[in-house]
Amino acid sequence: MKRALFFIILLIPAWLRAQELYVSTEPASNMPANSLGLRVTNRFFKMEAEGVTGMRIEPELMWGISKKLMVHVAGLASNQMQPSIEWEGASIYAKYRFLSKDDVHSHFRMAAYAKGAIINNPFAPVMREHMRKPYNNQELDLEGGASGVAGGIIATQLLHKLALSATVGYNRFMNNTKDKRPDDMPANAVNYSLSAGYLLLPRSYRSYEQTNLNLYIEFLGKANTDALSRSQYLDIAPAIQFIFNSTTRLDFSYRTQLFGDMSRNVFNTFTLRFEHNIFNISTKRK
């Protein structure tokens, strides 16, 4: 009985933040301190130039160092830039929550994040036999597109079962280890997002074993700021999420462009993600 009560008390914060576990972005809230998360993300996308379906696999390890600081380390492998799935590189992400105003059924939080990636992809794919049109891509990212660094600010407001979050950040792209970034590809970009999550089920909590059902809608934008590649887009990404036993998570998301003038090789992405969290990994007092 005491052990069950301990886990319930430990996981109450996770229940209250369930609708903040966005699929395409991170909230200002952190995972619980002294916890580990294991995540595998699969992304499937139609590549416009080649007319084939690409896939990217992202295994990820997450560590809640303290209630204010967490770190992600991810690997990347895909067939986006070559005919077969190959190892692309790795990234590291850190987030520090510097502001928290908590109430019983609401809170407002702000955090700063930084990310770095080392990518081994070429900047243009190997020419394939049935390419539909010449490859022209102005979209770079740190998830397989280019090596570089990024940083920004996140603000998240929880209002009972609704969570709203906004992000603004700066990206600096660099040369990949396999290839030099062409001069007409962007070196600088601004990213921004607005996310909303709603806890649909359960209506009321009776046990940490209850399954959570969360619905999300996210708007994801990017603007290249270099004079030679100035362009922008805005995507929409609805998602559905299941959380089992307050520890295991399953996400389904579809992302597509609303408008923009950025030349891209991928306009639509389906995401499937599995995540499992291990709480109280050590009894050592921090």
# chains A, B, ... in the order shown; residues from 1 in each chain; ligands from 1
$ residues_around --residues "Ala163 in chain A" --least-positions-apart "4" --cutoff "7 Å" --atoms "only C-alpha atoms" --output "list in words"
Gln19, Glu20, Gln157, Leu158, Leu159, Ala196, Gly197 and Tyr198 of chain A
$ select_by_dssp --residues "range 37-269 of chain A" --states "strand (DSSP E or B)" --output "number ranges by chain"
A: 37-47, 52-64, 69-78, 86-102, 106-119, 148-159, 162-173, 188-201, 212-224, 231-244, 248-260, 266-269
$ residues_around --residues "Ser165 in chain A" --least-positions-apart "2" --cutoff "6 Å" --atoms "only C-alpha atoms" --output "number ranges by chain"
A: 155-156, 194-195
$ write_last_selection --atoms "N, CA and C atoms" --output "compact mmCIF listing (two decimals), in the first residue's frame"
# COMPACT_ATOMS: atom_id res chain seq x y z
N ALA A 155 7.65 29.00 -23.85
CA ALA A 155 6.70 29.42 -22.81
C ALA A 155 5.48 28.52 -22.88
N THR A 156 5.05 27.97 -21.74
CA THR A 156 3.94 27.02 -21.70
C THR A 156 2.96 27.41 -20.60
N LEU A 194 3.50 27.16 -32.33
CA LEU A 194 2.41 27.33 -31.38
C LEU A 194 1.72 25.99 -31.27
N SER A 195 1.63 25.46 -30.04
CA SER A 195 1.09 24.12 -29.81
C SER A 195 -0.02 24.16 -28.78
$ closest_residue --among "A:Phe44, A:His160, A:Thr256, A:Val168" --to "Asp103 in chain A" --atoms "only C-alpha atoms"
A:His160
$ closest_atom_pairs --of "range 147-201 of chain A" --to "range 74-98 of chain A" --cutoff "10 Å" --atoms "only C-alpha atoms" --output "tab-separated table"
residue	atom	partner	partner_atom	distance
A:Ser147	CA	A:Gly89	CA	8.8
A:Gly148	CA	A:Ser91	CA	9.4
A:Val149	CA	A:Ser91	CA	9.5
A:Ala150	CA	A:Tyr93	CA	9.2
A:Gly151	CA	A:Tyr93	CA	9.4
A:Gly152	CA	A:Lys95	CA	9.6
A:Ile153	CA	A:Lys95	CA	9.4
A:Ile154	CA	A:Arg97	CA	8.9
A:Ala155	CA	A:Arg97	CA	9.6
A:Asn176	CA	A:Gly89	CA	9.6
A:Thr177	CA	A:Gly89	CA	9.3
A:Lys178	CA	A:Glu88	CA	9.8
$ write_last_selection --atoms "C-alpha atoms" --output "JSON list (two decimals), in the first residue's frame"
[["chain", "number", "residue", "atom", "x", "y", "z"],
["A", 147, "SER", "CA", 25.18, 20.02, -38.83],
["A", 148, "GLY", "CA", 24.73, 23.08, -36.68],
["A", 149, "VAL", "CA", 23.50, 24.62, -33.46],
["A", 150, "ALA", "CA", 20.19, 26.08, -32.29],
["A", 151, "GLY", "CA", 18.80, 27.86, -29.27],
["A", 152, "GLY", "CA", 15.61, 29.52, -28.14],
["A", 153, "ILE", "CA", 12.89, 30.18, -25.59],
["A", 154, "ILE", "CA", 9.75, 28.18, -24.73],
["A", 155, "ALA", "CA", 6.70, 29.42, -22.81],
["A", 176, "ASN", "CA", 28.21, 18.36, -42.81],
["A", 177, "THR", "CA", 31.05, 15.95, -42.17],
["A", 178, "LYS", "CA", 30.48, 14.39, -45.63]]
$ select_by_dssp --residues "range 15-192 of chain A" --states "helix (DSSP H, G or I)" --output "PyMOL selection string"
chain A and resi 15-16+18-20
$ closest_atom_pairs --of "range 31-113 of chain A" --to "range 273-276 of chain A" --cutoff "12 Å" --atoms "only C-alpha atoms" --output "tab-separated table"
residue	atom	partner	partner_atom	distance
A:Met31	CA	A:His276	CA	11.9
A:Ser35	CA	A:His276	CA	10.7
A:Leu36	CA	A:His276	CA	8.5
A:Gly37	CA	A:His276	CA	5.7
A:Leu38	CA	A:His276	CA	5.3
A:Arg39	CA	A:Glu275	CA	4.2
A:Val40	CA	A:Phe274	CA	5.4
A:Thr41	CA	A:Arg273	CA	4.3
A:Asn42	CA	A:Arg273	CA	6.1
A:Arg43	CA	A:Arg273	CA	8.4
A:Phe44	CA	A:Arg273	CA	11.4
A:Arg56	CA	A:Arg273	CA	11.6
A:Ile57	CA	A:Arg273	CA	9.8
A:Glu58	CA	A:Arg273	CA	9.3
A:Pro59	CA	A:Phe274	CA	9.8
A:Glu60	CA	A:Glu275	CA	9.1
A:Leu61	CA	A:Glu275	CA	9.7
A:Met62	CA	A:Glu275	CA	10.0
$ residues_around --residues "range 259-271 of chain A" --least-positions-apart "6" --cutoff "10 Å" --atoms "only C-alpha atoms" --output "MDAnalysis selection string"
chainID A and resid 23:24 41:51 53:56 80 135:140 221:224 229:237 239 251:253
$ atom_distance --atom1 "CA of Phe242 in chain A" --atom2 "CA of Lys101 in chain A"
27.3 Å
$ atom_distance --atom1 "CA of Gly169 in chain A" --atom2 "CA of Arg181 in chain A"
21.2 Å
$ atom_distance --atom1 "CA of Ala166 in chain A" --atom2 "CA of Gly64 in chain A"
21.6 Å
$ closest_residue --among "A:Asp141, A:Glu209, A:Glu26, A:Glu218" --to "Tyr170 in chain A" --atoms "only C-alpha atoms"
A:Asp141
$ decode --residues "range 12-65 of chain A" --atoms "C-alpha atoms" --output "PDB file, in the first residue's frame"
ATOM      1  CA  ILE A  12       0.808  13.121 -10.058  1.00  0.00           C
ATOM      2  CA  PRO A  13       2.908  15.863 -11.725  1.00  0.00           C
ATOM      3  CA  ALA A  14       3.167  13.705 -14.871  1.00  0.00           C
ATOM      4  CA  TRP A  15      -0.635  13.276 -14.954  1.00  0.00           C
ATOM      5  CA  LEU A  16      -1.193  17.028 -14.666  1.00  0.00           C
ATOM      6  CA  ARG A  17       1.238  17.661 -17.513  1.00  0.00           C
ATOM      7  CA  ALA A  18       0.013  14.879 -19.813  1.00  0.00           C
ATOM      8  CA  GLN A  19      -1.426  17.341 -22.321  1.00  0.00           C
ATOM      9  CA  GLU A  20       1.972  19.074 -22.537  1.00  0.00           C
ATOM     10  CA  LEU A  21       3.741  16.077 -24.073  1.00  0.00           C
ATOM     11  CA  TYR A  22       3.700  17.518 -27.582  1.00  0.00           C
ATOM     12  CA  VAL A  23       4.805  15.398 -30.514  1.00  0.00           C
ATOM     13  CA  SER A  24       6.534  17.990 -32.713  1.00  0.00           C
ATOM     14  CA  THR A  25       7.836  20.377 -30.043  1.00  0.00           C
ATOM     15  CA  GLU A  26       9.023  20.442 -26.434  1.00  0.00           C
ATOM     16  CA  PRO A  27       7.118  22.213 -23.598  1.00  0.00           C
ATOM     17  CA  ALA A  28       8.743  24.474 -21.033  1.00  0.00           C
ATOM     18  CA  SER A  29       8.090  21.782 -18.399  1.00  0.00           C
ATOM     19  CA  ASN A  30      10.717  19.092 -17.878  1.00  0.00           C
ATOM     20  CA  MET A  31      10.459  15.372 -17.296  1.00  0.00           C
ATOM     21  CA  PRO A  32      10.631  14.466 -13.585  1.00  0.00           C
ATOM     22  CA  ALA A  33      14.022  14.749 -11.902  1.00  0.00           C
ATOM     23  CA  ASN A  34      16.011  11.560 -11.433  1.00  0.00           C
ATOM     24  CA  SER A  35      14.303   9.811 -14.376  1.00  0.00           C
ATOM     25  CA  LEU A  36      15.251   8.277 -17.718  1.00  0.00           C
ATOM     26  CA  GLY A  37      13.269   8.161 -20.937  1.00  0.00           C
ATOM     27  CA  LEU A  38      13.798   5.799 -23.871  1.00  0.00           C
ATOM     28  CA  ARG A  39      12.233   6.944 -27.133  1.00  0.00           C
ATOM     29  CA  VAL A  40      12.135   5.665 -30.721  1.00  0.00           C
ATOM     30  CA  THR A  41      10.673   7.968 -33.387  1.00  0.00           C
ATOM     31  CA  ASN A  42       9.871   6.798 -36.923  1.00  0.00           C
ATOM     32  CA  ARG A  43       9.113   9.409 -39.575  1.00  0.00           C
ATOM     33  CA  PHE A  44       7.748   8.534 -43.008  1.00  0.00           C
ATOM     34  CA  PHE A  45       7.673  11.103 -45.806  1.00  0.00           C
ATOM     35  CA  LYS A  46       7.123  11.298 -49.550  1.00  0.00           C
ATOM     36  CA  MET A  47      10.166  12.798 -51.272  1.00  0.00           C
ATOM     37  CA  GLU A  48       8.905  15.049 -54.062  1.00  0.00           C
ATOM     38  CA  ALA A  49      12.002  14.937 -56.270  1.00  0.00           C
ATOM     39  CA  GLU A  50      12.396  11.159 -56.198  1.00  0.00           C
ATOM     40  CA  GLY A  51       8.722  10.198 -55.946  1.00  0.00           C
ATOM     41  CA  VAL A  52       9.493   7.562 -53.290  1.00  0.00           C
ATOM     42  CA  THR A  53       8.775   7.208 -49.572  1.00  0.00           C
ATOM     43  CA  GLY A  54      11.585   8.031 -47.200  1.00  0.00           C
ATOM     44  CA  MET A  55      11.987   6.934 -43.599  1.00  0.00           C
ATOM     45  CA  ARG A  56      13.979   8.287 -40.692  1.00  0.00           C
ATOM     46  CA  ILE A  57      14.580   6.402 -37.418  1.00  0.00           C
ATOM     47  CA  GLU A  58      15.557   8.365 -34.312  1.00  0.00           C
ATOM     48  CA  PRO A  59      16.500   6.409 -31.166  1.00  0.00           C
ATOM     49  CA  GLU A  60      16.745   8.784 -28.211  1.00  0.00           C
ATOM     50  CA  LEU A  61      17.812   8.735 -24.571  1.00  0.00           C
ATOM     51  CA  MET A  62      16.395  11.399 -22.212  1.00  0.00           C
ATOM     52  CA  TRP A  63      17.658  12.206 -18.719  1.00  0.00           C
ATOM     53  CA  GLY A  64      15.925  14.353 -16.114  1.00  0.00           C
ATOM     54  CA  ILE A  65      18.973  15.653 -14.283  1.00  0.00           C
TER      55      ILE A  65
END
